[in-house]
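Next comes coords03.txt, with compact mmCIF, C-alpha atoms.
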```
# COMPACT_ATOMS: atom_id res chain seq x y z
CA MET U 68 0.00 0.00 0.00
CA MET U 69 2.76 2.39 1.05
CA GLU U 70 4.73 1.49 -2.04
CA ARG U 71 1.75 2.29 -4.24
CA LEU U 72 1.26 5.64 -2.55
CA ARG U 73 4.93 6.41 -2.89
CA GLY U 74 4.80 5.51 -6.58
CA LEU U 75 1.74 7.72 -7.03
CA ALA U 76 3.48 10.61 -5.25
CA VAL U 77 6.54 10.26 -7.50
CA LEU U 78 4.30 10.19 -10.58
CA LEU U 79 2.51 13.35 -9.45
CA VAL U 80 5.80 15.15 -8.80
CA VAL U 81 7.12 14.15 -12.24
CA LEU U 82 3.89 15.30 -13.92
CA ALA U 83 3.90 18.62 -12.07
CA THR U 84 7.57 19.20 -12.96
CA GLY U 85 6.88 18.44 -16.58
CA VAL U 86 3.97 20.89 -16.71
CA PHE U 87 6.08 23.58 -15.02
CA ILE U 88 9.00 23.12 -17.42
CA GLY U 89 6.65 23.05 -20.37
CA SER U 90 4.99 26.32 -19.36
CA ALA U 91 8.41 27.93 -18.94
CA VAL U 92 9.56 26.73 -22.36
CA SER U 93 6.35 27.91 -24.01
CA GLN U 94 7.32 31.59 -23.53
CA TRP U 95 10.11 31.15 -26.09
CA ARG U 96 7.83 29.76 -28.74
CA PRO U 97 7.49 32.34 -31.55
CA LEU U 98 4.11 34.00 -31.84
CA PRO U 99 1.94 33.06 -34.79
CA GLU U 100 2.35 35.54 -37.66
CA ALA U 101 -0.95 37.30 -36.91
CA GLN U 102 0.05 38.19 -33.35
CA ARG U 103 3.51 39.60 -34.06
CA PRO U 104 3.70 43.34 -33.32
CA ASP U 105 4.19 45.62 -36.32
CA VAL U 106 7.76 46.61 -36.96
CA VAL U 107 7.76 50.40 -36.91
CA GLY U 108 9.31 50.71 -40.34
CA GLN U 109 6.61 48.51 -41.83
CA ASN U 110 3.76 50.40 -40.16
CA PRO U 111 1.24 50.94 -42.97
CA VAL U 112 -0.12 54.09 -41.26
CA MET U 113 3.29 55.80 -41.11
CA ARG U 114 4.64 55.02 -44.57
CA PRO U 115 2.65 57.58 -46.61
CA LEU U 116 3.01 60.26 -43.89
CA GLY U 117 6.79 60.17 -43.75
CA ARG U 118 8.45 61.54 -40.67
CA VAL U 119 5.95 63.18 -38.33
CA ARG U 120 7.37 65.41 -35.60
CA VAL U 121 5.31 65.57 -32.45
CA GLU U 122 5.48 67.36 -29.13
CA VAL U 123 3.50 65.94 -26.24
CA LEU U 124 2.36 68.24 -23.44
CA ASN U 125 0.74 67.20 -20.18
CA ALA U 126 -2.20 69.54 -19.61
CA GLY U 127 -4.09 67.17 -17.32
CA GLY U 128 -1.67 67.18 -14.42
CA THR U 129 -1.32 63.42 -13.95
CA GLU U 130 2.28 62.41 -13.34
CA SER U 131 4.20 60.67 -16.16
CA MET U 132 1.29 61.09 -18.56
CA ALA U 133 3.37 62.77 -21.24
CA ARG U 134 6.06 60.12 -20.96
CA ARG U 135 3.55 57.30 -21.42
CA ALA U 136 1.99 58.96 -24.43
CA THR U 137 5.47 59.54 -25.88
CA ASP U 138 6.36 55.86 -25.52
CA LEU U 139 3.13 54.90 -27.25
CA LEU U 140 3.70 57.32 -30.12
CA ARG U 141 7.38 56.43 -30.57
CA ASP U 142 6.49 52.73 -30.63
CA SER U 143 4.06 53.58 -33.41
CA GLY U 144 6.77 55.29 -35.45
CA PHE U 145 6.15 58.96 -34.65
CA ASP U 146 9.13 61.20 -34.00
CA VAL U 147 8.37 62.72 -30.61
CA VAL U 148 10.91 65.52 -30.39
CA TYR U 149 9.83 66.88 -27.02
CA PHE U 150 7.58 65.99 -24.13
CA GLY U 151 6.86 67.88 -20.96
CA ASN U 152 4.25 69.89 -19.09
CA ALA U 153 1.91 72.35 -20.73
CA ASP U 154 1.88 75.96 -19.51
CA ARG U 155 -1.07 75.12 -17.29
CA PHE U 156 -2.87 72.05 -15.95
CA GLY U 157 -6.57 71.43 -15.65
CA ASP U 158 -7.72 70.32 -19.09
CA ASP U 159 -10.04 67.32 -19.05
CA SER U 160 -9.97 66.33 -22.72
CA THR U 161 -7.06 65.62 -25.02
CA VAL U 162 -6.65 67.83 -28.10
CA VAL U 163 -4.35 67.11 -31.03
CA PHE U 164 -3.23 70.17 -33.03
CA ASP U 165 -2.10 70.06 -36.64
CA ARG U 166 0.78 72.54 -37.02
CA THR U 167 1.53 72.33 -40.76
CA GLY U 168 -1.83 72.22 -42.53
CA ASN U 169 -1.70 68.43 -42.83
CA LEU U 170 -4.62 67.02 -40.87
CA ASP U 171 -3.75 63.44 -41.86
CA ALA U 172 -0.73 63.46 -39.58
CA ALA U 173 -2.72 64.91 -36.67
CA ARG U 174 -5.50 62.36 -37.19
CA ALA U 175 -2.98 59.51 -37.23
CA VAL U 176 -1.56 60.71 -33.91
CA ALA U 177 -5.07 61.08 -32.49
CA ASP U 178 -5.91 57.53 -33.57
CA VAL U 179 -2.94 56.08 -31.73
CA LEU U 180 -3.81 57.99 -28.57
CA GLY U 181 -7.53 57.44 -28.80
CA ALA U 182 -8.13 61.19 -28.87
CA ARG U 183 -11.27 62.53 -30.49
CA SER U 184 -10.50 66.21 -30.85
CA VAL U 185 -8.25 67.28 -33.75
CA ARG U 186 -7.79 70.96 -34.61
CA ALA U 187 -5.85 72.79 -37.31
CA GLU U 188 -3.64 75.55 -35.85
CA PRO U 189 -0.66 75.81 -38.19
CA ASP U 190 2.43 77.52 -36.83
CA SER U 191 5.57 77.16 -38.94
CA ASN U 192 7.74 78.66 -36.17
CA LEU U 193 7.30 75.57 -34.00
CA TYR U 194 9.06 73.30 -36.50
CA LEU U 195 6.60 70.56 -35.65
CA ASP U 196 3.86 68.64 -37.39
CA VAL U 197 1.64 67.93 -34.39
CA THR U 198 1.16 69.14 -30.81
CA VAL U 199 -0.67 66.94 -28.35
CA LEU U 200 -2.27 68.49 -25.26
CA LEU U 201 -3.08 65.56 -22.99
CA GLY U 202 -6.16 66.02 -20.86
CA ARG U 203 -6.85 64.55 -17.45
CA GLU U 204 -9.06 61.82 -18.89
CA TRP U 205 -6.39 60.34 -21.14
CA THR U 206 -5.19 56.80 -20.50
CA PRO U 207 -3.14 54.60 -22.83
CA GLN U 208 -5.40 52.43 -24.96
CA LYS U 209 -5.33 48.79 -23.88
CA PRO U 210 -4.81 46.13 -26.60
CA GLU U 211 -8.10 44.62 -27.77
CA ALA U 212 -9.03 41.41 -25.97
CA SER U 213 -9.38 38.47 -28.36
CA ASP U 214 -12.92 37.04 -28.34
CA GLY U 215 -13.11 33.67 -26.64
CA GLU U 216 -9.49 32.85 -27.38
CA GLU U 217 -7.33 31.51 -24.64
CA SER U 218 -3.79 32.84 -24.44
CA GLY U 219 -1.11 30.19 -24.13
CA PRO U 220 -1.37 26.39 -24.10
CA TRP U 221 -3.99 24.73 -21.84
CA TRP U 222 -1.33 23.25 -19.57
CA ASP U 223 0.45 26.62 -18.94
CA LEU U 224 0.09 27.03 -15.17
CA ARG U 225 0.72 30.77 -15.40
CA ARG U 226 -2.75 31.21 -16.87
CA LEU U 227 -4.19 30.31 -13.50
CA PHE U 228 -2.43 33.23 -11.87
CA ARG U 229 -3.37 35.97 -14.37
CA MET J 149 4.23 66.90 -45.62
CA SER J 150 6.87 66.87 -42.92
CA SER J 151 7.67 69.94 -40.84
CA GLY J 152 11.09 70.12 -42.61
CA ALA J 153 9.87 71.74 -45.81
CA GLY J 154 7.85 74.92 -45.34
CA SER J 155 8.66 75.51 -41.69
CA THR J 156 10.32 78.73 -40.69
CA LEU J 157 13.71 78.79 -39.05
CA HIS J 158 14.03 81.57 -36.51
CA PRO J 159 16.71 84.11 -37.52
CA ILE J 160 18.72 83.31 -34.37
CA VAL J 161 18.82 79.64 -35.39
CA ARG J 162 19.67 80.43 -39.00
CA ASP J 163 22.45 82.84 -37.99
CA ALA J 164 23.84 80.45 -35.38
CA ALA J 165 24.33 77.80 -38.03
CA VAL J 166 26.93 80.06 -39.67
CA GLY J 167 28.50 81.00 -36.35
CA ILE J 168 26.74 84.34 -35.86
CA LEU J 169 25.50 84.57 -32.28
CA PRO J 170 23.14 87.14 -30.67
CA ASP J 171 24.74 90.18 -29.01
CA TRP J 172 23.77 88.90 -25.55
CA VAL J 173 26.21 86.04 -26.06
CA SER J 174 29.84 86.45 -25.05
CA VAL J 175 32.17 83.45 -25.36
CA ARG J 176 35.89 82.96 -24.94
CA ARG J 177 38.05 81.89 -27.88
CA LYS J 178 38.47 78.34 -26.55
CA ARG J 179 34.70 78.01 -26.23
CA ARG J 180 34.23 79.31 -29.75
CA SER J 181 36.61 76.67 -31.09
CA HIS J 182 34.66 73.98 -29.25
CA MET J 183 31.44 75.29 -30.81
CA ASP J 184 33.01 75.18 -34.29
CA ARG J 185 34.04 71.55 -33.85
CA VAL J 186 30.68 70.46 -32.40
CA ALA J 187 28.84 72.24 -35.24
CA ALA J 188 31.05 70.46 -37.78
CA LEU J 189 30.28 67.09 -36.20
CA LEU J 190 26.54 67.75 -36.17
CA GLN J 191 26.60 68.89 -39.79
CA GLU J 192 28.54 65.79 -40.81
CA TRP J 193 26.06 63.51 -39.05
CA ALA J 194 23.01 65.31 -40.40
CA GLU J 195 24.35 65.03 -43.96
CA ALA J 196 25.25 61.36 -43.45
CA ARG J 197 21.63 60.76 -42.39
CA GLY J 198 20.42 62.38 -45.60
CA GLU J 199 18.59 65.17 -43.77
CA HIS J 200 16.85 68.00 -45.64
CA PRO J 201 19.10 71.12 -46.03
CA ASP J 202 16.97 73.09 -43.52
CA GLU J 203 17.39 70.23 -41.10
CA VAL J 204 21.18 70.31 -41.59
CA VAL J 205 21.03 74.01 -40.68
CA ARG J 206 19.14 73.17 -37.47
CA TRP J 207 21.67 70.48 -36.53
CA ARG J 208 24.57 72.79 -37.19
CA SER J 209 23.01 75.62 -35.20
CA LEU J 210 23.04 73.49 -32.06
CA GLY J 211 26.81 73.40 -32.27
CA PHE J 212 26.82 77.12 -31.47
CA LEU J 213 23.67 77.51 -29.42
CA HIS J 214 24.21 74.73 -26.90
CA ASP J 215 27.03 76.51 -25.06
CA CYS J 216 26.13 80.11 -25.84
CA LEU J 217 25.93 80.97 -22.11
CA ARG J 218 28.63 78.58 -20.91
CA ASP J 219 31.06 81.34 -19.96
CA GLU J 220 28.54 83.44 -18.02
CA ASP J 221 28.61 83.79 -14.25
CA PRO J 222 26.36 81.08 -12.70
CA ARG J 223 24.87 83.66 -10.34
CA SER J 224 23.48 85.69 -13.21
CA LEU J 225 22.36 82.52 -15.03
CA ARG J 226 20.43 81.37 -11.98
CA LYS J 227 18.62 84.71 -11.81
CA MET J 228 17.51 84.29 -15.43
CA LEU J 229 15.57 81.15 -14.63
CA PRO J 230 12.12 80.94 -13.03
CA LYS J 231 12.30 80.33 -9.26
CA ASP J 232 11.22 76.70 -9.54
CA ARG J 233 14.02 75.94 -12.04
CA ARG J 234 16.97 77.32 -10.11
CA ASP J 235 18.11 74.14 -8.40
CA PHE J 236 20.53 73.06 -11.15
CA PRO J 237 24.21 72.86 -10.13
CA ASP J 238 26.46 75.67 -11.40
CA ASN J 239 28.14 73.63 -14.12
CA VAL J 240 24.89 72.70 -15.91
CA LEU J 241 22.96 75.96 -15.49
CA HIS J 242 24.08 77.29 -18.86
CA GLY J 243 21.90 74.80 -20.80
CA PRO J 244 18.52 75.58 -19.20
CA ALA J 245 19.40 79.28 -19.01
CA ALA J 246 20.25 79.42 -22.72
CA ALA J 247 17.02 77.60 -23.60
CA TYR J 248 15.04 80.01 -21.48
CA ARG J 249 16.72 83.05 -23.05
CA LEU J 250 16.21 81.70 -26.58
CA ARG J 251 12.55 81.17 -25.83
CA LYS J 252 12.25 84.75 -24.59
CA GLU J 253 13.90 85.91 -27.82
CA GLY J 254 11.15 84.21 -29.80
CA VAL J 255 12.63 80.80 -30.67
CA LYS J 256 9.68 78.40 -30.46
CA ASP J 257 11.39 75.31 -31.86
CA ALA J 258 10.80 72.90 -28.96
CA GLU J 259 13.28 70.32 -30.21
CA ILE J 260 16.11 72.85 -30.35
CA LEU J 261 15.21 74.40 -26.99
CA ASN J 262 15.11 70.97 -25.38
CA ALA J 263 18.43 69.96 -26.91
CA VAL J 264 20.04 73.13 -25.57
CA ALA J 265 18.49 72.75 -22.12
CA TYR J 266 19.50 69.13 -21.62
CA HIS J 267 22.71 68.73 -23.64
CA THR J 268 24.70 68.14 -20.42
CA LEU J 269 22.21 66.37 -18.15
CA GLY J 270 20.33 64.35 -20.72
CA SER J 271 16.58 63.72 -20.61
CA PRO J 272 14.16 61.04 -21.80
CA SER J 273 12.42 63.81 -23.76
CA LEU J 274 15.34 64.17 -26.20
CA GLY J 275 14.67 63.20 -29.79
CA ASP J 276 17.39 62.39 -32.32
CA LEU J 277 18.65 65.97 -32.58
CA GLY J 278 18.93 66.21 -28.79
CA LEU J 279 20.75 62.87 -28.60
CA ALA J 280 23.13 63.95 -31.37
CA THR J 281 23.88 67.22 -29.57
CA TYR J 282 24.53 65.35 -26.32
CA ALA J 283 26.93 63.05 -28.18
CA ALA J 284 28.64 65.76 -30.23
CA ASP J 285 29.37 67.90 -27.18
CA PHE J 286 31.09 64.95 -25.51
CA LEU J 287 32.83 63.66 -28.63
CA ASP J 288 34.39 67.01 -29.61
CA PRO J 289 37.71 65.94 -31.19
CA GLY J 290 39.40 68.72 -29.22
CA ARG J 291 38.82 66.96 -25.90
CA THR J 292 41.99 65.35 -24.55
CA LEU J 293 40.74 62.57 -22.23
CA ARG J 294 40.34 59.04 -23.67
CA LYS J 295 40.95 60.21 -27.23
CA LYS J 296 40.97 56.70 -28.73
CA TRP J 297 37.65 55.76 -27.16
CA ARG J 298 36.03 59.02 -28.26
CA ALA J 299 37.35 58.48 -31.80
CA GLN J 300 35.83 54.99 -31.85
CA LEU J 301 32.47 56.39 -30.79
CA ARG J 302 32.66 59.12 -33.45
CA GLU J 303 33.33 56.40 -36.03
CA ALA J 304 30.08 54.70 -35.05
CA MET J 305 28.04 57.87 -35.60
CA PRO J 306 25.47 58.62 -36.83
CA GLN J 307 24.32 55.06 -37.52
CA GLU J 308 24.71 53.93 -33.92
CA LEU J 309 23.27 57.05 -32.31
CA GLU J 310 21.50 55.37 -29.40
CA PRO J 311 24.23 52.87 -28.44
CA VAL J 312 26.84 55.64 -28.57
CA VAL J 313 24.74 57.89 -26.34
CA LEU J 314 24.24 55.00 -23.94
CA ASP J 315 28.00 54.42 -23.77
CA ILE J 316 28.69 58.10 -23.11
CA LEU J 317 25.93 58.32 -20.52
CA GLY J 318 27.14 55.21 -18.73
CA ALA J 319 30.69 56.55 -18.58
CA ARG J 320 29.49 59.88 -17.20
CA ILE J 321 27.35 58.30 -14.51
CA GLN J 322 30.21 56.01 -13.49
CA TYR J 323 32.45 59.04 -13.18
CA LEU J 324 29.95 60.82 -10.93
CA ILE J 325 29.58 57.74 -8.74
CA LYS J 326 33.34 57.27 -8.49
CA ASP J 327 33.72 60.91 -7.51
CA LYS J 328 30.85 60.56 -5.00
CA ARG J 329 28.82 63.25 -6.72
CA ARG J 330 25.08 63.53 -7.00
CA VAL J 331 23.42 62.12 -10.12
CA ARG J 332 20.53 64.36 -11.16
CA PRO J 333 17.11 62.69 -11.54
CA GLU J 334 16.99 63.79 -15.21
CA THR J 335 20.21 61.88 -15.87
CA LEU J 336 18.98 58.74 -14.11
CA ALA J 337 15.69 58.90 -15.99
CA PHE J 338 17.68 59.35 -19.20
CA TRP J 339 19.74 56.24 -18.40
CA ASN J 340 16.64 54.12 -17.70
CA HIS J 341 14.99 55.43 -20.84
CA MET J 342 18.02 54.70 -23.05
CA LEU J 343 18.13 51.16 -21.69
CA THR J 344 14.57 50.54 -22.86
CA LEU J 345 15.59 51.63 -26.36
CA LYS J 346 18.41 49.10 -26.29
CA ARG J 347 15.87 46.27 -25.73
```

How does the structure come out when it is put into structure tokens?
Amino acid sequence: MMERLRGLAVLLVVLATGVFIGSAVSQWRPLPEAQRPDVVGQNPVMRPLGRVRVEVLNAGGTESMARRATDLLRDSGFDVVYFGNADRFGDDSTVVFDRTGNLDAARAVADVLGARSVRAEPDSNLYLDVTVLLGREWTPQKPEASDGEESGPWWDLRRLFR
Amino acid sequence: MSSGAGSTLHPIVRDAAVGILPDWVSVRRKRRSHMDRVAALLQEWAEARGEHPDEVVRWRSLGFLHDCLRDEDPRSLRKMLPKDRRDFPDNVLHGPAAAYRLRKEGVKDAEILNAVAYHTLGSPSLGDLGLATYAADFLDPGRTLRKKWRAQLREAMPQELEPVVLDILGARIQYLIKDKRRVRPETLAFWNHMLTLKR
């Protein structure tokens, strides 16, 4: 009886170890083609626009907001040449300003940020294409959840802890 | 249409690119020579990148603008800055002070102002022009310390802009630590930011 229990215990330990190792190895499996992130240079939105210079200003007052927006825009291929605080805080909504008479660039920036308000206020002295005034309500857009699709293999223990 | 074509360079920026500085600038001969060499480096890198001619002018102008208040008395530089921006140490005041003065003179080019302000401390907000200015200031061929290493880094420019900046930044932080000197939060944030680019 004891021998059987011992055998069962060993089997369980081996199974658990195998599942653990398998879940660790699974993180190095390449993603299927459809899930790979766009390489910036191949971004179909950016190609026709060329280089788009952006400044990002925090007008909402939340700490690190401008930095987070900058990271998001740079990852999407925009050339953020400056980020910092606006002259004043207190704006609720985010506004994206076109500075060169090219609304396409401003709209592309607004799309990435999830901003709804785009205005044309050209100013050639700024040497910019787009100014972003981040409002208090702005948060980085989360990636879309896939419908009914499980992430990772069924035996990946890490799924249980997400 | 990119902001390169059709945008207006401020006269101070355009003049600076050919070495003409505003009358509120007074620099010693040695400083002037440093500016000439940094401007030449920036021009070389901008041309190697295939930048638009107006863009080459902007890059070159930083060679002269970045240190335009370097030889001023720190006490007068500190007074130029708003009260909440006066906590910079004496040796880095000239950057923010110059940026502030340029802004007051009507220069609205945020990328240039930022590059001038942070060319010594570094900042995560720097774009390529700011990174190049940071590198060019350090890699001035006229500097005498570690000449071989600086030459190697210049060789890698402009293609390896970010790795070169990371190397320079790392060396500077190590020097501050070794000398038991304070590392400004902008510099630490710059280091952490540059590491994420390396990923």

Distance query region 301-317 of chain J at most 12 Å, only C-alpha atoms, self and fewer than 6 positions along chain excluded, as a CSV table (one decimal) with C-alpha atoms, in the frame of the given file:
```
chain,number,residue,atom,x,y,z
J,186,VAL,CA,30.7,70.5,-32.4
J,189,LEU,CA,30.3,67.1,-36.2
J,190,LEU,CA,26.5,67.8,-36.2
J,191,GLN,CA,26.6,68.9,-39.8
J,192,GLU,CA,28.5,65.8,-40.8
J,193,TRP,CA,26.1,63.5,-39.0
J,194,ALA,CA,23.0,65.3,-40.4
J,195,GLU,CA,24.4,65.0,-44.0
J,196,ALA,CA,25.2,61.4,-43.4
J,197,ARG,CA,21.6,60.8,-42.4
J,198,GLY,CA,20.4,62.4,-45.6
J,199,GLU,CA,18.6,65.2,-43.8
J,267,HIS,CA,22.7,68.7,-23.6
J,268,THR,CA,24.7,68.1,-20.4
J,269,LEU,CA,22.2,66.4,-18.2
J,270,GLY,CA,20.3,64.4,-20.7
J,271,SER,CA,16.6,63.7,-20.6
J,272,PRO,CA,14.2,61.0,-21.8
J,274,LEU,CA,15.3,64.2,-26.2
J,275,GLY,CA,14.7,63.2,-29.8
J,276,ASP,CA,17.4,62.4,-32.3
J,277,LEU,CA,18.6,66.0,-32.6
J,278,GLY,CA,18.9,66.2,-28.8
J,279,LEU,CA,20.8,62.9,-28.6
J,280,ALA,CA,23.1,64.0,-31.4
J,281,THR,CA,23.9,67.2,-29.6
J,282,TYR,CA,24.5,65.4,-26.3
J,283,ALA,CA,26.9,63.0,-28.2
J,284,ALA,CA,28.6,65.8,-30.2
J,285,ASP,CA,29.4,67.9,-27.2
J,286,PHE,CA,31.1,65.0,-25.5
J,287,LEU,CA,32.8,63.7,-28.6
J,288,ASP,CA,34.4,67.0,-29.6
J,289,PRO,CA,37.7,65.9,-31.2
J,294,ARG,CA,40.3,59.0,-23.7
J,295,LYS,CA,41.0,60.2,-27.2
J,323,TYR,CA,32.4,59.0,-13.2
J,324,LEU,CA,30.0,60.8,-10.9
J,331,VAL,CA,23.4,62.1,-10.1
J,334,GLU,CA,17.0,63.8,-15.2
J,335,THR,CA,20.2,61.9,-15.9
J,336,LEU,CA,19.0,58.7,-14.1
J,337,ALA,CA,15.7,58.9,-16.0
J,338,PHE,CA,17.7,59.4,-19.2
J,339,TRP,CA,19.7,56.2,-18.4
J,340,ASN,CA,16.6,54.1,-17.7
J,341,HIS,CA,15.0,55.4,-20.8
J,342,MET,CA,18.0,54.7,-23.0
J,343,LEU,CA,18.1,51.2,-21.7
J,344,THR,CA,14.6,50.5,-22.9
J,345,LEU,CA,15.6,51.6,-26.4
J,346,LYS,CA,18.4,49.1,-26.3
J,347,ARG,CA,15.9,46.3,-25.7
```

Write out as a PyMOL selection string every residue belonging to chain J that has an atom at most 7 Å from any atom of chain U, counting all atoms listed in the file. chain J and resi 149-151+155-158+256-259+262+273-275

What's the 10 Å shell around region 165-176 of chain J, counting only C-alpha atoms, without same-chain residues fewer than 3 positions away, as number ranges by chain? J: 159-162, 179-181, 183-184, 187-188, 191, 204-213, 215-220, 246, 249-250, 253

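CA of Val176 (chain U) lies 7.3 Å from CA of Leu140 (chain U).
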
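Rounded to one decimal, CA of Glu204 (chain U) and CA of Asp142 (chain U) lie 21.5 Å from each other.
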
Could you jot down the CA of Gly318 (chain J) to CA of Ala299 (chain J) separation for me, Å, one decimal place? 16.9 Å

Quick one: everything within 9 Å of Met228 (chain J), counting all atoms listed in the file, minus sequence neighbours fewer than 5 positions away in the same chain. Send it as a ChimeraX atom specification. /J:223,234,245,248-249
